[in-house]
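As structure tokens, the structure follows; a few thoughts come after it.
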Amino acid sequence: MFETLKYLAGSAGASGYGSKSTAEQVTENCCDLHSITAIITGATSGIGAETARVLAKRGARLVLPARNLKGAEEAKARILSENPDADIIVMGLDLSSLSSVRNFVSEFESLNLPLNLLINNAGRFALEPAISEDGIEMTFATNYLGHFLLTKLLLKKMIETAKTTSLQGRIVNVSSSIYNWFSGDMIRYLCEISRNNLCDFDPTRAYALSKLAIVLHTKEVAQRLKQMEANVTVNCVHPGVVRTRLTREREGMATDIAFFLTSKLLKTIPQAAATTCYVATHPTLVNVTGKYFSDCNEASTSKLGSNSTEAARLWTASEIMVSRGSKAVFDPLSLVH
């Protein structure tokens, strides 16, 4: 009850910020970002678009990969209308396709740009079951697996950039507190819904699974980067409850009623982008890694979300999934122990 009242009041936490803080407010005291190159997925609308706008305002060069290039160009135009000198590059990327992820990374590397900041923000919440071209359930493929491969392929560039510039690299993964809603065997459930078993598909559970995977991935990457003594950190964030295009497949009276009943808990988009921008830029977070943030403050994770054994198991499964060739048929039995 106390935490709910604190949230509704927007009371500041240890960081000096709280649930009512906006992306602009939390970046007011950050260092100049003109030396920073950032990749932000899902920046065509909602939280991602606000994150891109604010980071551009602070001087960062932006790379906006998107499946919808028209939408990305429109997002770029909106930012340029406010900040005409902003440096923004639009590139194609479909996170549900592993071949598209590989193509994007290859094209980005051909630009010979540094990479200081990677914000894995894109997400989807699909009502109907669908399977990616790589044989993976679509929500998991888009929200987690595409970002897993993207991060894996960009790590070398980020480590090199941090070494040559002496600026610590940062990876920010956008998760959700909904990850707490998942229970059971992650890999087994993924196998079940990736076999196109309509009886087993629950859109909320599938979404929660993808967000739990992001939390565990964050912890595993942080551990591996520490072992490599790389000057790159990785943290994940819960942006808060906000109505964005993520719910576009759930539009209707039931959704409208649900959002109306929870309206006092909803954040504005500038407030929802605050935690991402805080973790991406704030100087007090140097060397902070493997953590989970909510309302611009570090928060604890669930027992499952902190399970290092599950994190390692998920990493192994993910490596197997991304190692397959394009359009490979996903074999669930290869991942269930």
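As shown in the structure tokens, the chain order sets the letters A, B, ...; within each chain, residues go from 1, and ligands are also counted from 1 in the order they appear.
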> Taking the backbone alone, and naming residues the way the document does, which bits of region 101-283 of chain A are strand (DSSP E) by DSSP, as a VMD selection string?
Replying inline: chain A and resid 117 to 120 169 to 174 232 to 238
For the selection just defined, write its residues with C-alpha atoms to a file, as a CSV table (one decimal), in the first residue's frame.
chain,number,residue,atom,x,y,z
A,117,LEU,CA,24.7,3.2,-26.3
A,118,LEU,CA,22.3,0.5,-27.3
A,119,ILE,CA,18.6,0.8,-26.2
A,120,ASN,CA,16.6,-2.4,-26.9
A,169,GLY,CA,29.3,1.9,-23.1
A,170,ARG,CA,25.8,1.3,-21.9
A,171,ILE,CA,23.1,-1.2,-22.9
A,172,VAL,CA,19.5,-0.6,-21.7
A,173,ASN,CA,16.9,-3.3,-22.1
A,174,VAL,CA,13.3,-2.4,-21.8
A,232,VAL,CA,30.3,-1.7,-21.0
A,233,THR,CA,27.3,-2.0,-18.6
A,234,VAL,CA,23.9,-3.5,-19.2
A,235,ASN,CA,20.7,-2.8,-17.2
A,236,CYS,CA,17.0,-3.3,-17.7
A,237,VAL,CA,14.1,-1.1,-16.9
A,238,HIS,CA,10.3,-1.2,-16.3
Each residue of region 115-148 of chain A lying at most 7 Å from region 204-228 of chain A should get a row with its shortest atom-to-atom pair and the distance in Å to one decimal, counting only C-alpha atoms; could you produce that, ordered by chain and increasing number, as CSV?
residue,atom,partner,partner_atom,distance
A:Phe125,CA,A:Tyr207,CA,6.2
A:Thr139,CA,A:Tyr207,CA,6.4
A:Phe140,CA,A:Ser210,CA,5.0
A:Asn143,CA,A:Ser210,CA,6.0
A:Tyr144,CA,A:Ser210,CA,5.7
Suppose we keep C-alpha atoms; can you now write the selection as a PDB file, in the first residue's frame?
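Saved the output as selection-v4.pdb:
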ATOM      1  CA  PHE A 125       1.960  -7.791 -27.718  1.00  0.00           C
ATOM      2  CA  THR A 139       6.264 -12.256 -29.425  1.00  0.00           C
ATOM      3  CA  PHE A 140       9.357 -13.979 -28.054  1.00  0.00           C
ATOM      4  CA  ASN A 143      10.801  -8.811 -27.934  1.00  0.00           C
ATOM      5  CA  TYR A 144      13.698 -10.994 -26.860  1.00  0.00           C
TER       6      TYR A 144
END
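Going from CA of Gly13 (chain A) to CA of Cys296 (chain A) covers 7.9 Å.
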>> Could you list, as a VMD selection string, every residue within 7 Å of region 50-67 of chain A, counting only C-alpha atoms and ignoring same-chain residues fewer than 4 positions away?
In response: chain A and resid 23 to 24 32 to 43 46 72 79 83 86 to 94 270 273 277
Against region 184-197 of chain A, which residues of region 41-154 of chain A fall within 12 Å? For each one I want the closest pair of atoms and the distance in Å (one decimal), counting only C-alpha atoms, rows by chain and increasing residue number, as a Markdown table.
| residue | atom | partner | partner_atom | distance |
| --- | --- | --- | --- | --- |
| A:Glu128 | CA | A:Asn196 | CA | 10.6 |
| A:Pro129 | CA | A:Asn196 | CA | 7.1 |
| A:Ala130 | CA | A:Asn196 | CA | 7.2 |
| A:Ile131 | CA | A:Ser194 | CA | 6.4 |
| A:Ser132 | CA | A:Ser194 | CA | 8.9 |
| A:Glu133 | CA | A:Ser194 | CA | 11.2 |
| A:Asp134 | CA | A:Ser194 | CA | 10.1 |
| A:Gly135 | CA | A:Ser194 | CA | 6.6 |
| A:Ile136 | CA | A:Ser194 | CA | 5.2 |
| A:Glu137 | CA | A:Ser194 | CA | 4.6 |
| A:Met138 | CA | A:Ser194 | CA | 8.3 |
| A:Thr139 | CA | A:Ser194 | CA | 10.2 |
| A:Phe140 | CA | A:Leu190 | CA | 8.0 |
| A:Ala141 | CA | A:Ser194 | CA | 9.9 |
| A:Tyr144 | CA | A:Leu190 | CA | 11.9 |
| A:Leu145 | CA | A:Leu190 | CA | 11.6 |
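The smallest atom-to-atom distance between Trp315 (chain A) and any of A:Phe104, A:Asn29, A:Leu149, A:Val241, using only C-alpha atoms, is found for A:Leu149.
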